[in-house]
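Reviewing the structure listed below.
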Protein chains: 2
Amino acid sequence: MILAAESVATFAGLLADRSRAAMCLALLDGQAWTASELARHAGIGRPTATEHLNLLVAAGLLAEVRQGRCRYLRLAGPQVARLLEELAEMAGQPERPRSLRAVRASADLAAARTCYDHLAGALGVALFDALMSAGLLTNGDGLAVTDAGRAWFTELAGPDALAPASGRQLLRSCLDWTERRPHLSGALGAALCQQFLRRGWVIRCQGSRAVRLTGSGAAAVDRLLGLELAAS
Amino acid sequence: MILAAESVATFAGLLADRSRAAMCLALLDGQAWTASELARHAGIGRPTATEHLNLLVAAGLLAEVRQGRCRYLRLAGPQVARLLEELAEMAGQPERPRSLRAVRASADLAAARTCYDHLAGALGVALFDALMSAGLLTNGDGLAVTDAGRAWFTELAGPDALAPASGRQLLRSCLDWTERRPHLSGALGAALCQQFLRRGWVIRCQGSRAVRLTGSGAAAVDRLLGLELAAS
DNA sequence: CGGACAGTTCGGCGCATGCCGAACTCTGGC
DNA sequence: GCCAGAGTTCGGCATGCGCCGAACTGTCCG
């Protein structure tokens, strides 16, 4: 019992540092970053970043892939992403943006962003609502895909999107921390996000988790879901 | 974005200390402890405990009630308990019990314990399974109470147990970290646990989250659920 | 009123750890 | 082969913070 306290403390300590937390939160975009990028993002030197990243990888929070002279880092899995989101939510938002640029940036984030591997923000919530009211998903005590939904997702993303993903839950609703309402997560949420990116319906904003809905994206959601949104 | 890192780090830092973690984990039993009890449990002096508890209360992790010269502490809410459970699970179990007594204690915990405010361990999982196979709960894409279940719970715990609890989810399944299978959580899980304690079907083991199934408890679960368990 | 006890405040000690600069290693490209 | 750039190792500095003992406040009880 007292040993558990020790290991919980050690584990929490991994995220109890401003630099390590900044790096982990950056990785919530679901992509792999190089060590140098993470160092710059956290505002620290490369040596220090190396130390931090070694810790995080050893603890199983981060996974690494070495390619040539670059070391790519990503979150070790969805549970880690989930934990980070919860932590970020409970940590509250005492963040009162102090520059116009920061306001602009956080407005972009609130409009549309990726949340690890799926879409979030106002866009994510709007999509979720549209999927529900179009009868493609139901929420009768737990999320489920309807028959119409199966057809819809198969046409969009191929039959694999609905295949029993390797141990991962197909549908999950994730509480959006800007909208305070749920959006679609889980394997299907990830597949949806992937298609939106691949088809150019949304594009990533440089160096941020924010994404922009393109003209073709707006047209697509109108056509497929009857959802009228403005491109940005 | 960088501000969020700061607050996440600060928040995680609250649990990144062995003593604070020990106190929080102790409070996972769902009961209120006095400051001195927590200090003793964490193996630190009262002055140090006061500092830690002030931090945890200020951060909203713990709630306090002052009565006379005693200061009672409890977890601030179910989300906190959930976060702690997740953290404890991810922190893994590098705990290789080193004394016979520790083995015995962890065996007790695995058999039956409280998980914040509901029953867990082998007992919790067995009850959950029995509720399902008796047709009182269903899990067709999300937990739900059947009509038979409504009658059963009303008889056991009164109609309030099924009332729309103040904002809290009625049913939740919580992954048991010893059994690796789900047990009943949420408001109904809490009500069930409360009845078991009130009726003397289980009793708390001193200074631990473990509980013991009594003889009358074993008889009751057999009568009500057809579940044959040995008292311990 | 006085003793017992829970909790708090204060000052100071000592360790843990986050940080950097400088030097080193490895890979890829010309 | 040599240079550029990514990453690592090392030594040392500075700060933060967890801890305690001693003294103080407040409550309950006889």
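For the structure tokens, the naming scheme is as follows: chains receive sequential letters (A, B, ...) according to their order of presentation, residues are indexed from 1 within each chain, and ligands are indexed from 1 in presentation order.
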
Interface list for chain C, partner chain B, 9 Å threshold, only C-alpha atoms (C1' of nucleotides), as a ChimeraX atom specification: /C:5-9

Keeping all heavy atoms, export the residues of the selection given above as a JSON list (two decimals), in the first residue's frame.
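Output contents, as saved in part23.json:
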```json
[["chain", "number", "residue", "atom", "x", "y", "z"],
["C", 5, "DC", "P", -3.46, 13.48, 25.95],
["C", 5, "DC", "OP1", -3.78, 12.06, 26.17],
["C", 5, "DC", "OP2", -2.06, 13.97, 25.98],
["C", 5, "DC", "O5'", -4.07, 13.92, 24.55],
["C", 5, "DC", "C5'", -5.45, 14.22, 24.42],
["C", 5, "DC", "C4'", -5.68, 15.11, 23.22],
["C", 5, "DC", "O4'", -5.50, 16.50, 23.57],
["C", 5, "DC", "C3'", -4.70, 14.85, 22.06],
["C", 5, "DC", "O3'", -5.44, 14.81, 20.86],
["C", 5, "DC", "C2'", -3.80, 16.06, 22.10],
["C", 5, "DC", "C1'", -4.82, 17.12, 22.50],
["C", 5, "DC", "N1", -4.24, 18.40, 22.97],
["C", 5, "DC", "C2", -4.91, 19.59, 22.68],
["C", 5, "DC", "O2", -5.99, 19.53, 22.05],
["C", 5, "DC", "N3", -4.39, 20.77, 23.08],
["C", 5, "DC", "C4", -3.25, 20.78, 23.74],
["C", 5, "DC", "N4", -2.77, 21.97, 24.13],
["C", 5, "DC", "C5", -2.53, 19.59, 24.05],
["C", 5, "DC", "C6", -3.07, 18.42, 23.66],
["C", 6, "DA", "P", -4.85, 14.15, 19.55],
["C", 6, "DA", "OP1", -5.51, 12.84, 19.40],
["C", 6, "DA", "OP2", -3.38, 14.24, 19.59],
["C", 6, "DA", "O5'", -5.37, 15.10, 18.38],
["C", 6, "DA", "C5'", -6.76, 15.36, 18.27],
["C", 6, "DA", "C4'", -6.97, 16.55, 17.37],
["C", 6, "DA", "O4'", -6.57, 17.75, 18.09],
["C", 6, "DA", "C3'", -6.13, 16.52, 16.10],
["C", 6, "DA", "O3'", -6.93, 16.90, 14.99],
["C", 6, "DA", "C2'", -5.02, 17.53, 16.35],
["C", 6, "DA", "C1'", -5.64, 18.50, 17.34],
["C", 6, "DA", "N9", -4.65, 19.02, 18.28],
["C", 6, "DA", "C8", -3.78, 18.31, 19.04],
["C", 6, "DA", "N7", -2.99, 19.05, 19.78],
["C", 6, "DA", "C5", -3.38, 20.34, 19.48],
["C", 6, "DA", "C6", -2.92, 21.59, 19.93],
["C", 6, "DA", "N6", -1.94, 21.74, 20.82],
["C", 6, "DA", "N1", -3.51, 22.69, 19.43],
["C", 6, "DA", "C2", -4.49, 22.54, 18.54],
["C", 6, "DA", "N3", -5.01, 21.41, 18.04],
["C", 6, "DA", "C4", -4.40, 20.34, 18.56],
["C", 7, "DG", "P", -6.31, 16.85, 13.54],
["C", 7, "DG", "OP1", -7.43, 16.70, 12.60],
["C", 7, "DG", "OP2", -5.19, 15.90, 13.54],
["C", 7, "DG", "O5'", -5.73, 18.31, 13.37],
["C", 7, "DG", "C5'", -6.63, 19.41, 13.46],
["C", 7, "DG", "C4'", -5.86, 20.71, 13.49],
["C", 7, "DG", "O4'", -5.03, 20.74, 14.67],
["C", 7, "DG", "C3'", -4.91, 20.92, 12.31],
["C", 7, "DG", "O3'", -5.33, 22.05, 11.58],
["C", 7, "DG", "C2'", -3.55, 21.13, 12.95],
["C", 7, "DG", "C1'", -3.91, 21.53, 14.36],
["C", 7, "DG", "N9", -2.87, 21.25, 15.33],
["C", 7, "DG", "C8", -2.40, 20.02, 15.72],
["C", 7, "DG", "N7", -1.44, 20.09, 16.60],
["C", 7, "DG", "C5", -1.27, 21.45, 16.82],
["C", 7, "DG", "C6", -0.36, 22.13, 17.68],
["C", 7, "DG", "O6", 0.48, 21.65, 18.44],
["C", 7, "DG", "N1", -0.51, 23.51, 17.58],
["C", 7, "DG", "C2", -1.42, 24.14, 16.77],
["C", 7, "DG", "N2", -1.42, 25.48, 16.80],
["C", 7, "DG", "N3", -2.27, 23.52, 15.97],
["C", 7, "DG", "C4", -2.14, 22.17, 16.04],
["C", 8, "DT", "P", -4.49, 22.57, 10.31],
["C", 8, "DT", "OP1", -5.45, 23.25, 9.44],
["C", 8, "DT", "OP2", -3.64, 21.48, 9.82],
["C", 8, "DT", "O5'", -3.55, 23.70, 10.94],
["C", 8, "DT", "C5'", -4.14, 24.80, 11.62],
["C", 8, "DT", "C4'", -3.06, 25.79, 12.00],
["C", 8, "DT", "O4'", -2.23, 25.19, 13.03],
["C", 8, "DT", "C3'", -2.12, 26.19, 10.86],
["C", 8, "DT", "O3'", -2.12, 27.60, 10.77],
["C", 8, "DT", "C2'", -0.76, 25.63, 11.27],
["C", 8, "DT", "C1'", -0.88, 25.53, 12.78],
["C", 8, "DT", "N1", -0.07, 24.46, 13.41],
["C", 8, "DT", "C2", 0.90, 24.82, 14.30],
["C", 8, "DT", "O2", 1.13, 25.97, 14.61],
["C", 8, "DT", "N3", 1.60, 23.76, 14.84],
["C", 8, "DT", "C4", 1.42, 22.42, 14.58],
["C", 8, "DT", "O4", 2.12, 21.57, 15.13],
["C", 8, "DT", "C5", 0.38, 22.11, 13.63],
["C", 8, "DT", "C7", 0.11, 20.69, 13.27],
["C", 8, "DT", "C6", -0.31, 23.14, 13.09],
["C", 9, "DT", "P", -1.44, 28.35, 9.53],
["C", 9, "DT", "OP1", -2.34, 29.43, 9.13],
["C", 9, "DT", "OP2", -0.99, 27.34, 8.57],
["C", 9, "DT", "O5'", -0.13, 29.01, 10.18],
["C", 9, "DT", "C5'", -0.21, 29.56, 11.48],
["C", 9, "DT", "C4'", 1.18, 29.98, 11.93],
["C", 9, "DT", "O4'", 1.83, 28.86, 12.61],
["C", 9, "DT", "C3'", 2.13, 30.40, 10.81],
["C", 9, "DT", "O3'", 2.79, 31.59, 11.21],
["C", 9, "DT", "C2'", 3.09, 29.22, 10.68],
["C", 9, "DT", "C1'", 3.13, 28.69, 12.10],
["C", 9, "DT", "N1", 3.44, 27.24, 12.22],
["C", 9, "DT", "C2", 4.36, 26.84, 13.14],
["C", 9, "DT", "O2", 4.96, 27.62, 13.86],
["C", 9, "DT", "N3", 4.56, 25.48, 13.20],
["C", 9, "DT", "C4", 3.94, 24.51, 12.43],
["C", 9, "DT", "O4", 4.20, 23.33, 12.58],
["C", 9, "DT", "C5", 2.98, 25.01, 11.48],
["C", 9, "DT", "C7", 2.25, 24.04, 10.60],
["C", 9, "DT", "C6", 2.77, 26.32, 11.42]]
```

Check which residues of chain B sit at most 6 Å from chain A using only C-alpha atoms, and return one row each with the closest pair of atoms and their distance in Å to one decimal, ordered by chain and rising number, as CSV.
```
residue,atom,partner,partner_atom,distance
B:Ala5,CA,A:Ala22,CA,4.7
B:Glu6,CA,A:Arg18,CA,5.2
B:Ser7,CA,A:Ala91,CA,5.8
B:Val8,CA,A:Ala91,CA,5.5
B:Ala9,CA,A:Ala16,CA,4.1
B:Phe11,CA,A:Ala91,CA,5.6
B:Ala12,CA,A:Ala16,CA,4.7
B:Gly13,CA,A:Ala16,CA,4.3
B:Leu15,CA,A:Ala9,CA,5.7
B:Ala16,CA,A:Ala9,CA,4.1
B:Asp17,CA,A:Ala9,CA,5.0
B:Arg18,CA,A:Ala9,CA,5.1
B:Ala21,CA,A:Ala5,CA,5.2
B:Ala22,CA,A:Ala5,CA,4.7
B:Ala88,CA,A:Val8,CA,5.6
B:Ala91,CA,A:Val8,CA,5.5
B:Asp141,CA,A:Gly142,CA,5.1
B:Gly142,CA,A:Gly142,CA,3.9
```

How close does chain D get to chain B? List, as a tab-separated table, each residue of chain D within 8 Å, its nearest atom pair and the distance in Å to one decimal, counting only C-alpha atoms (C1' of nucleotides).
```
residue	atom	partner	partner_atom	distance
D:DG18	C1'	B:Thr48	CA	7.9
D:DC19	C1'	B:Thr48	CA	6.9
D:DC20	C1'	B:Gly45	CA	7.5
D:DG26	C1'	B:Arg69	CA	7.4
D:DT27	C1'	B:Arg69	CA	5.2
D:DC28	C1'	B:Arg69	CA	7.9
```

Any chance you could export the current selection's N, CA and C atoms (P, O5', C5', C4', C3', O3' and C1' of nucleotides) as a PDB file, in the first residue's frame?
```pdb
ATOM      1  P    DG D  18       7.074  19.230  -2.019  1.00  0.00           P
ATOM      2  O5'  DG D  18       7.333  17.975  -1.082  1.00  0.00           O
ATOM      3  C5'  DG D  18       8.431  17.131  -1.340  1.00  0.00           C
ATOM      4  C4'  DG D  18       9.111  16.756  -0.037  1.00  0.00           C
ATOM      5  C3'  DG D  18       8.170  16.534   1.138  1.00  0.00           C
ATOM      6  O3'  DG D  18       8.536  15.322   1.796  1.00  0.00           O
ATOM      7  C1'  DG D  18       9.856  18.080   1.731  1.00  0.00           C
ATOM      8  P    DC D  19       7.689  14.767   2.988  1.00  0.00           P
ATOM      9  O5'  DC D  19       8.502  15.227   4.278  1.00  0.00           O
ATOM     10  C5'  DC D  19       9.766  14.617   4.541  1.00  0.00           C
ATOM     11  C4'  DC D  19      10.482  15.375   5.635  1.00  0.00           C
ATOM     12  C3'  DC D  19       9.648  15.591   6.893  1.00  0.00           C
ATOM     13  O3'  DC D  19       9.817  14.484   7.764  1.00  0.00           O
ATOM     14  C1'  DC D  19      10.982  17.506   6.319  1.00  0.00           C
ATOM     15  P    DC D  20       8.951  14.374   9.074  1.00  0.00           P
ATOM     16  O5'  DC D  20       9.768  15.212  10.134  1.00  0.00           O
ATOM     17  C5'  DC D  20      11.168  14.985  10.276  1.00  0.00           C
ATOM     18  C4'  DC D  20      11.756  16.111  11.084  1.00  0.00           C
ATOM     19  C3'  DC D  20      11.043  16.330  12.411  1.00  0.00           C
ATOM     20  O3'  DC D  20      11.909  16.024  13.486  1.00  0.00           O
ATOM     21  C1'  DC D  20      11.367  18.395  11.231  1.00  0.00           C
ATOM     22  P    DG D  26      -6.638  31.706  18.224  1.00  0.00           P
ATOM     23  O5'  DG D  26      -7.495  30.382  18.374  1.00  0.00           O
ATOM     24  C5'  DG D  26      -7.620  29.512  17.260  1.00  0.00           C
ATOM     25  C4'  DG D  26      -8.212  28.188  17.711  1.00  0.00           C
ATOM     26  C3'  DG D  26      -9.439  28.325  18.624  1.00  0.00           C
ATOM     27  O3'  DG D  26     -10.475  27.514  18.102  1.00  0.00           O
ATOM     28  C1'  DG D  26      -7.871  26.822  19.547  1.00  0.00           C
ATOM     29  P    DT D  27     -11.975  27.686  18.636  1.00  0.00           P
ATOM     30  O5'  DT D  27     -12.312  26.237  19.212  1.00  0.00           O
ATOM     31  C5'  DT D  27     -12.080  25.103  18.382  1.00  0.00           C
ATOM     32  C4'  DT D  27     -12.072  23.870  19.252  1.00  0.00           C
ATOM     33  C3'  DT D  27     -13.264  23.770  20.207  1.00  0.00           C
ATOM     34  O3'  DT D  27     -13.918  22.532  19.969  1.00  0.00           O
ATOM     35  C1'  DT D  27     -11.234  23.314  21.325  1.00  0.00           C
ATOM     36  P    DC D  28     -15.386  22.273  20.562  1.00  0.00           P
ATOM     37  O5'  DC D  28     -15.141  21.151  21.664  1.00  0.00           O
ATOM     38  C5'  DC D  28     -14.442  19.964  21.288  1.00  0.00           C
ATOM     39  C4'  DC D  28     -13.902  19.289  22.528  1.00  0.00           C
ATOM     40  C3'  DC D  28     -14.947  19.055  23.631  1.00  0.00           C
ATOM     41  O3'  DC D  28     -14.977  17.667  23.925  1.00  0.00           O
ATOM     42  C1'  DC D  28     -12.948  19.968  24.518  1.00  0.00           C
TER      43       DC D  28
END
```

Neighbours of D:DC13 within 10 Å (only C-alpha atoms (C1' of nucleotides); same-chain residues fewer than 2 positions away dropped), as number ranges by chain? C: 19-20; D: 11, 15

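Distance-wise, atom C1' of D:DC10 and atom CA of A:Leu56 end up 21.0 Å apart.
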